[in-house]
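Novice: Sharing my_file-v8.txt, compact mmCIF, C-alpha atoms and all ligand atoms:
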```
# COMPACT_ATOMS: atom_id res chain seq x y z
CA MET A 1 -4.23 -17.58 21.36
CA ALA A 2 -5.10 -13.90 21.77
CA LEU A 3 -2.57 -11.77 23.67
CA LEU A 4 -5.42 -9.96 25.45
CA ALA A 5 -9.01 -11.06 25.88
CA LEU A 6 -11.78 -9.25 27.73
CA HIS A 7 -14.74 -11.44 28.61
CA ALA A 8 -18.00 -9.56 29.24
CA VAL A 9 -16.35 -6.87 31.39
CA GLY A 10 -18.53 -4.35 33.16
CA LYS A 11 -18.01 -1.29 35.36
CA SER A 12 -20.52 1.11 36.89
CA TYR A 13 -20.14 4.33 38.83
CA GLY A 14 -23.32 4.53 40.87
CA ALA A 15 -26.21 4.13 38.45
CA LEU A 16 -24.01 4.90 35.41
CA LYS A 17 -22.89 1.80 33.48
CA VAL A 18 -19.63 3.06 32.02
CA THR A 19 -18.52 -0.29 30.63
CA ASP A 20 -21.39 -2.57 29.68
CA ASP A 21 -20.67 -6.20 28.83
CA ILE A 22 -17.64 -5.60 26.59
CA SER A 23 -15.84 -8.57 25.08
CA LEU A 24 -12.86 -8.13 22.79
CA SER A 25 -9.61 -9.80 21.92
CA VAL A 26 -6.32 -8.60 20.47
CA GLU A 27 -3.87 -10.82 18.64
CA GLU A 28 -0.10 -10.61 19.02
CA GLY A 29 1.34 -7.89 16.76
CA GLU A 30 -2.07 -6.37 16.01
CA THR A 31 -2.98 -2.69 16.37
CA LEU A 32 -6.57 -2.23 17.52
CA GLY A 33 -8.03 1.27 17.22
CA ILE A 34 -10.72 2.37 19.69
CA LEU A 35 -13.21 5.05 18.67
CA GLY A 36 -16.21 6.54 20.37
CA PRO A 37 -17.81 9.85 21.34
CA ASN A 38 -16.63 11.78 24.42
CA GLY A 39 -17.64 10.00 27.59
CA ALA A 40 -18.33 6.70 25.79
CA GLY A 41 -16.11 4.79 28.21
CA LYS A 42 -12.87 4.41 26.25
CA THR A 43 -10.43 5.48 28.98
CA THR A 44 -12.36 3.41 31.51
CA LEU A 45 -11.80 0.39 29.28
CA PHE A 46 -8.03 1.08 29.42
CA ASN A 47 -8.25 1.43 33.20
CA LEU A 48 -9.88 -2.00 33.36
CA ILE A 49 -7.14 -3.52 31.17
CA SER A 50 -4.26 -1.87 33.07
CA GLY A 51 -5.84 -2.57 36.46
CA ASP A 52 -6.10 1.11 37.47
CA VAL A 53 -9.81 0.30 37.96
CA ARG A 54 -11.21 -3.10 38.93
CA VAL A 55 -13.99 -4.68 36.86
CA ASP A 56 -17.35 -5.19 38.59
CA THR A 57 -18.12 -8.13 36.33
CA GLY A 58 -16.29 -10.20 33.73
CA ARG A 59 -12.71 -11.30 33.24
CA VAL A 60 -9.45 -9.92 31.83
CA GLU A 61 -7.04 -12.45 30.29
CA TYR A 62 -3.50 -11.64 29.21
CA GLU A 63 -1.14 -14.18 27.66
CA GLY A 64 -3.82 -16.79 28.33
CA ARG A 65 -3.95 -16.25 32.08
CA ASP A 66 -6.57 -14.55 34.21
CA VAL A 67 -5.14 -11.19 35.40
CA THR A 68 -8.44 -9.78 36.68
CA ALA A 69 -7.23 -9.76 40.28
CA LEU A 70 -3.75 -8.36 39.54
CA LYS A 71 -2.77 -4.83 40.60
CA PRO A 72 -1.61 -2.23 38.01
CA ASN A 73 2.09 -2.71 38.87
CA GLN A 74 1.75 -6.48 38.50
CA ARG A 75 0.06 -6.09 35.10
CA CYS A 76 2.82 -3.67 34.08
CA HIS A 77 5.48 -6.19 35.13
CA ALA A 78 3.62 -8.78 33.04
CA GLY A 79 4.02 -6.55 29.96
CA ILE A 80 0.97 -4.25 29.83
CA GLY A 81 2.28 -0.69 29.38
CA ARG A 82 0.17 2.40 29.00
CA SER A 83 0.18 6.11 28.33
CA TYR A 84 -2.30 8.53 29.90
CA GLN A 85 -4.49 11.02 28.05
CA VAL A 86 -3.10 13.80 30.23
CA PRO A 87 0.68 13.16 30.37
CA GLN A 88 1.80 12.11 33.85
CA PRO A 89 5.59 12.71 34.03
CA PHE A 90 7.48 13.57 37.20
CA GLY A 91 7.76 17.26 36.27
CA ASN A 92 10.78 18.08 38.44
CA MET A 93 12.80 15.15 37.16
CA THR A 94 14.64 15.20 33.85
CA VAL A 95 13.39 13.31 30.82
CA PHE A 96 16.20 10.76 31.31
CA GLU A 97 15.38 10.30 35.00
CA ASN A 98 11.71 9.75 34.13
CA LEU A 99 12.69 6.96 31.75
CA VAL A 100 15.12 5.33 34.21
CA THR A 101 12.33 5.37 36.80
CA ALA A 102 9.92 3.71 34.34
CA ALA A 103 12.50 1.04 33.47
CA CYS A 104 13.37 0.35 37.15
CA PHE A 105 9.82 0.17 38.47
CA GLY A 106 7.88 -0.86 35.34
CA ALA A 107 10.32 -3.32 33.78
CA GLN A 108 12.00 -4.24 37.11
CA GLN A 109 15.45 -3.53 35.72
CA GLY A 110 18.56 -2.82 37.76
CA GLU A 111 20.13 0.63 37.49
CA ARG A 112 22.69 -0.19 34.80
CA GLU A 113 20.16 -1.95 32.56
CA ALA A 114 17.61 0.83 33.17
CA TRP A 115 20.11 3.45 31.97
CA GLN A 116 20.59 1.43 28.79
CA THR A 117 16.81 1.16 28.28
CA ALA A 118 16.38 4.89 28.89
CA TYR A 119 19.07 5.64 26.31
CA GLU A 120 17.47 3.34 23.71
CA VAL A 121 14.02 4.82 24.26
CA LEU A 122 15.37 8.38 24.02
CA ASP A 123 16.79 7.43 20.66
CA GLN A 124 13.58 5.72 19.46
CA THR A 125 11.31 8.59 20.41
CA GLY A 126 13.44 11.52 19.24
CA LEU A 127 13.97 12.86 22.75
CA MET A 128 17.76 12.58 22.92
CA ALA A 129 18.29 16.35 22.68
CA HIS A 130 15.95 16.84 25.65
CA ALA A 131 17.36 14.11 27.89
CA ASN A 132 18.60 16.44 30.60
CA LYS A 133 15.69 18.90 30.57
CA PRO A 134 13.10 18.91 33.34
CA ALA A 135 10.02 17.05 32.09
CA GLY A 136 7.75 19.83 33.34
CA GLY A 137 9.13 22.33 30.82
CA LEU A 138 8.60 20.35 27.59
CA THR A 139 6.43 21.41 24.64
CA LEU A 140 3.19 19.50 24.07
CA LEU A 141 4.72 17.31 21.33
CA ASN A 142 7.65 16.40 23.56
CA ARG A 143 5.38 15.77 26.55
CA LYS A 144 3.40 13.37 24.33
CA ARG A 145 6.65 11.77 23.21
CA LEU A 146 7.75 11.41 26.82
CA GLU A 147 4.41 9.82 27.69
CA LEU A 148 5.02 7.29 24.92
CA ALA A 149 8.68 6.90 25.96
CA ARG A 150 7.78 6.23 29.61
CA ALA A 151 5.39 3.49 28.50
CA LEU A 152 8.05 2.00 26.20
CA ALA A 153 10.65 2.03 29.00
CA THR A 154 8.44 -0.42 30.91
CA LYS A 155 9.16 -2.86 28.03
CA PRO A 156 5.55 -3.59 27.09
CA ARG A 157 4.39 -6.47 24.98
CA LEU A 158 0.97 -4.78 24.90
CA LEU A 159 0.98 -0.98 24.66
CA LEU A 160 -2.15 1.05 25.49
CA LEU A 161 -2.13 4.52 23.94
CA ASP A 162 -4.73 7.03 25.14
CA GLU A 163 -5.19 9.93 22.69
CA ILE A 164 -1.48 10.29 22.12
CA ALA A 165 -2.05 12.47 19.00
CA GLY A 166 -4.67 14.77 20.57
CA GLY A 167 -3.80 18.47 20.47
CA LEU A 168 -0.90 18.07 18.03
CA THR A 169 -0.52 19.91 14.73
CA GLU A 170 -0.86 17.91 11.51
CA HIS A 171 2.92 17.74 11.14
CA GLU A 172 3.50 16.77 14.77
CA ALA A 173 0.86 14.03 14.53
CA LYS A 174 2.63 12.65 11.46
CA VAL A 175 5.97 12.57 13.32
CA LEU A 176 4.30 10.68 16.15
CA VAL A 177 2.56 8.25 13.78
CA ASP A 178 5.93 7.50 12.12
CA GLU A 179 7.33 6.67 15.56
CA LEU A 180 4.36 4.41 16.28
CA LYS A 181 4.88 2.64 12.94
CA ARG A 182 8.45 1.81 13.95
CA ILE A 183 7.21 0.47 17.31
CA LYS A 184 4.58 -1.63 15.54
CA ALA A 185 7.25 -2.97 13.15
CA ARG A 186 9.18 -4.23 16.18
CA GLY A 187 6.18 -6.45 16.97
CA VAL A 188 4.62 -4.52 19.86
CA THR A 189 0.86 -5.11 20.10
CA MET A 190 -1.10 -1.89 20.50
CA ILE A 191 -4.54 -0.66 21.47
CA TRP A 192 -4.91 2.99 20.54
CA ILE A 193 -7.77 5.30 21.59
CA GLU A 194 -7.74 8.29 19.27
CA HIS A 195 -10.05 11.04 18.04
CA VAL A 196 -7.56 12.04 15.31
CA VAL A 197 -9.13 9.51 12.96
CA HIS A 198 -6.74 9.83 10.01
CA ALA A 199 -3.80 9.16 12.33
CA LEU A 200 -5.55 6.12 13.76
CA LEU A 201 -6.48 4.80 10.31
CA SER A 202 -2.85 5.00 9.18
CA LEU A 203 -1.93 2.34 11.75
CA ALA A 204 -4.95 0.36 12.93
CA ASP A 205 -5.51 -3.17 11.64
CA ARG A 206 -8.98 -3.27 13.15
CA LEU A 207 -11.39 -0.83 14.82
CA PHE A 208 -13.63 -1.22 17.86
CA VAL A 209 -16.27 1.46 18.42
CA ILE A 210 -17.85 2.15 21.81
CA ASN A 211 -20.99 4.14 22.60
CA PHE A 212 -22.56 4.46 26.07
CA GLY A 213 -20.14 1.80 27.36
CA GLN A 214 -21.27 -0.78 24.81
CA LYS A 215 -19.77 -2.14 21.63
CA LEU A 216 -21.27 -0.35 18.64
CA ALA A 217 -19.14 -1.87 15.88
CA GLU A 218 -15.99 -3.87 15.32
CA GLY A 219 -14.06 -4.92 12.23
CA ALA A 220 -11.89 -3.84 9.32
CA PRO A 221 -11.26 -0.05 9.45
CA GLN A 222 -12.87 0.81 6.12
CA ALA A 223 -15.99 -1.23 6.81
CA VAL A 224 -16.39 0.26 10.30
CA MET A 225 -15.93 3.84 9.06
CA ALA A 226 -18.58 3.21 6.37
CA ASP A 227 -21.07 1.78 8.88
CA ALA A 228 -24.21 3.95 8.96
CA GLU A 229 -24.64 3.72 12.75
CA VAL A 230 -20.96 4.63 13.38
CA ARG A 231 -21.27 7.61 11.05
CA ARG A 232 -24.41 8.78 12.80
CA VAL A 233 -23.17 8.33 16.37
CA TYR A 234 -19.52 9.22 16.02
CA MET A 235 -19.43 11.71 13.18
CA GLY A 236 -22.97 13.09 13.40
CA ILE A 237 -23.62 12.16 9.76
CA GLU A 238 -27.17 11.00 9.06
CA ALA A 239 -27.55 8.33 6.35
N1 LIG A 301 -14.08 7.71 38.69
C1 LIG A 301 -15.25 8.03 38.11
N2 LIG A 301 -16.33 8.33 38.86
C2 LIG A 301 -17.51 8.65 38.28
N3 LIG A 301 -17.71 8.69 36.95
C3 LIG A 301 -16.68 8.40 36.15
C4 LIG A 301 -15.39 8.06 36.67
N4 LIG A 301 -14.55 7.81 35.64
C5 LIG A 301 -15.28 8.01 34.52
N5 LIG A 301 -16.54 8.35 34.82
C6 LIG A 301 -17.61 8.64 33.86
O1 LIG A 301 -17.66 7.55 32.97
C7 LIG A 301 -17.98 7.99 31.65
C8 LIG A 301 -16.93 7.49 30.70
O2 LIG A 301 -15.68 8.15 30.97
P1 LIG A 301 -14.37 7.81 30.12
O3 LIG A 301 -13.31 8.75 30.60
O4 LIG A 301 -14.09 6.37 30.17
O5 LIG A 301 -14.86 8.21 28.65
P2 LIG A 301 -14.01 8.42 27.32
O6 LIG A 301 -14.74 7.68 26.25
O7 LIG A 301 -12.60 8.07 27.54
O8 LIG A 301 -14.16 9.98 27.07
P3 LIG A 301 -13.19 11.07 26.33
O9 LIG A 301 -13.22 10.74 24.87
O10 LIG A 301 -13.85 12.37 26.64
O11 LIG A 301 -11.83 10.91 26.95
C9 LIG A 301 -18.11 9.50 31.72
O12 LIG A 301 -19.47 9.81 31.87
C10 LIG A 301 -17.33 9.85 32.97
O13 LIG A 301 -17.80 11.03 33.56
```
Here is the file; what I need is its structure written in the form of structure tokens.
Specialist:
Amino acid sequence: MALLALHAVGKSYGALKVTDDISLSVEEGETLGILGPNGAGKTTLFNLISGDVRVDTGRVEYEGRDVTALKPNQRCHAGIGRSYQVPQPFGNMTVFENLVTAACFGAQQGEREAWQTAYEVLDQTGLMAHANKPAGGLTLLNRKRLELARALATKPRLLLLDEIAGGLTEHEAKVLVDELKRIKARGVTMIWIEHVVHALLSLADRLFVINFGQKLAEGAPQAVMADAEVRRVYMGIEA
């Protein structure tokens, strides 16, 4: 049984079909990479999975049950955690407080357990030295780390990562990818939207490419990257 399955989901804003009849499934432990040009509908797809936006048509199944009608907090409690493309920390709170908040409200933990979770996640994401700093003053790499850490503190079984490597230097992206590899090794299932293709390829088991809200290609990373239509649409390379 797939951990997540989308069945013919659709979403329009006025006349614009942003998600057009997308079906996909993700197996437990798998990392699915999502690629597509700017405005293709990738973040909207995450919003439909996390419940931030409701589907107009189709169905979202998680752990074999229909979650289409569940609110974002209910989907988070069920184990769907996400990061946002633009980091969304509580800027006036410390890094530690941000993680305790995520554990309390996302994983429904009591205070003592949430402190323990926050401590573990600080350790996993290399943020320990910044625990007591206000989140609003972090560097870009550490803001990205905190975005990942906040998602992890909700104890996800399925982790949605939205351009977590965007804007980082080569070295910083490698540090982040190493962290993601450790998370993957712990069995967390991931869907990762990323324009930094070499970072994505170092982790993804499978790729799914979107263009104009529709599926353009899906399959093994090497085969998808060699696909003539993907090269034309995504990389601007004519065959
Ligand atoms: N709330 C909204 N109201 C109207 N249009 C929207 C809304 N959200 C997204 N769109 C439009 O839907 C399209 C897809 O947006 P989306 O953010 O999902 O694309 P994306 O593939 O994630 O892009 P990028 O790679 O630039 O982040 C865009 O044309 C965008 O302007």
Novice: Could you report the residues within 9 Å of ligand LIG 301 (chain A), using only C-alpha atoms and all ligand atoms, as a PyMOL selection string?
Specialist: chain A and resi 12-14+16-19+35-47+53+85+162-163+193-195+210-213
Novice: Mind checking which residues fall within 9 Å of Glu172 of chain A, counting all atoms listed in the file, ignoring those fewer than 5 positions away in the same chain, and posting them as a list in words?
Specialist: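 Counting only the stated atoms, we get Leu141, Ala165 and Val177 of chain A.
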Novice: With 12 Å as the threshold, what does the neighbourhood of (5.9, 10.7, 37.1) contain in terms of residues, counting only C-alpha atoms? Coordinates are those of the file; answer as an MDAnalysis selection string.
Specialist: chainID A and resid 83:84 86:102 105:106 134:136 143 146:147 150:151
Novice: Hey, which of A:His77, A:Asp20, A:Gln108, A:Val197 ends up closest to Pro156 of chain A? Count all atoms listed in the file.
Specialist: A:His77
Novice: Report, in Å with one decimal, the straight-line distance from atom CA of Ala153 of chain A to atom CA of Ala103 of chain A.
Specialist: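 Result for atom CA of Ala153 of chain A versus atom CA of Ala103 of chain A: 4.9 Å, one decimal.
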Novice: Rank A:Ala149, A:Leu158, A:Cys104, A:Ala69 by their smallest atom-to-atom distance to Thr189 of chain A, using only C-alpha atoms, and report the top residue only.
Specialist: A:Leu158
Novice: Counting only C-alpha atoms, which residue out of A:Met1, A:Leu168, A:Glu179, A:Leu161 sits closest to Asp123 of chain A?
Specialist: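 Selected residue with least distance to Asp123 of chain A: A:Glu179.
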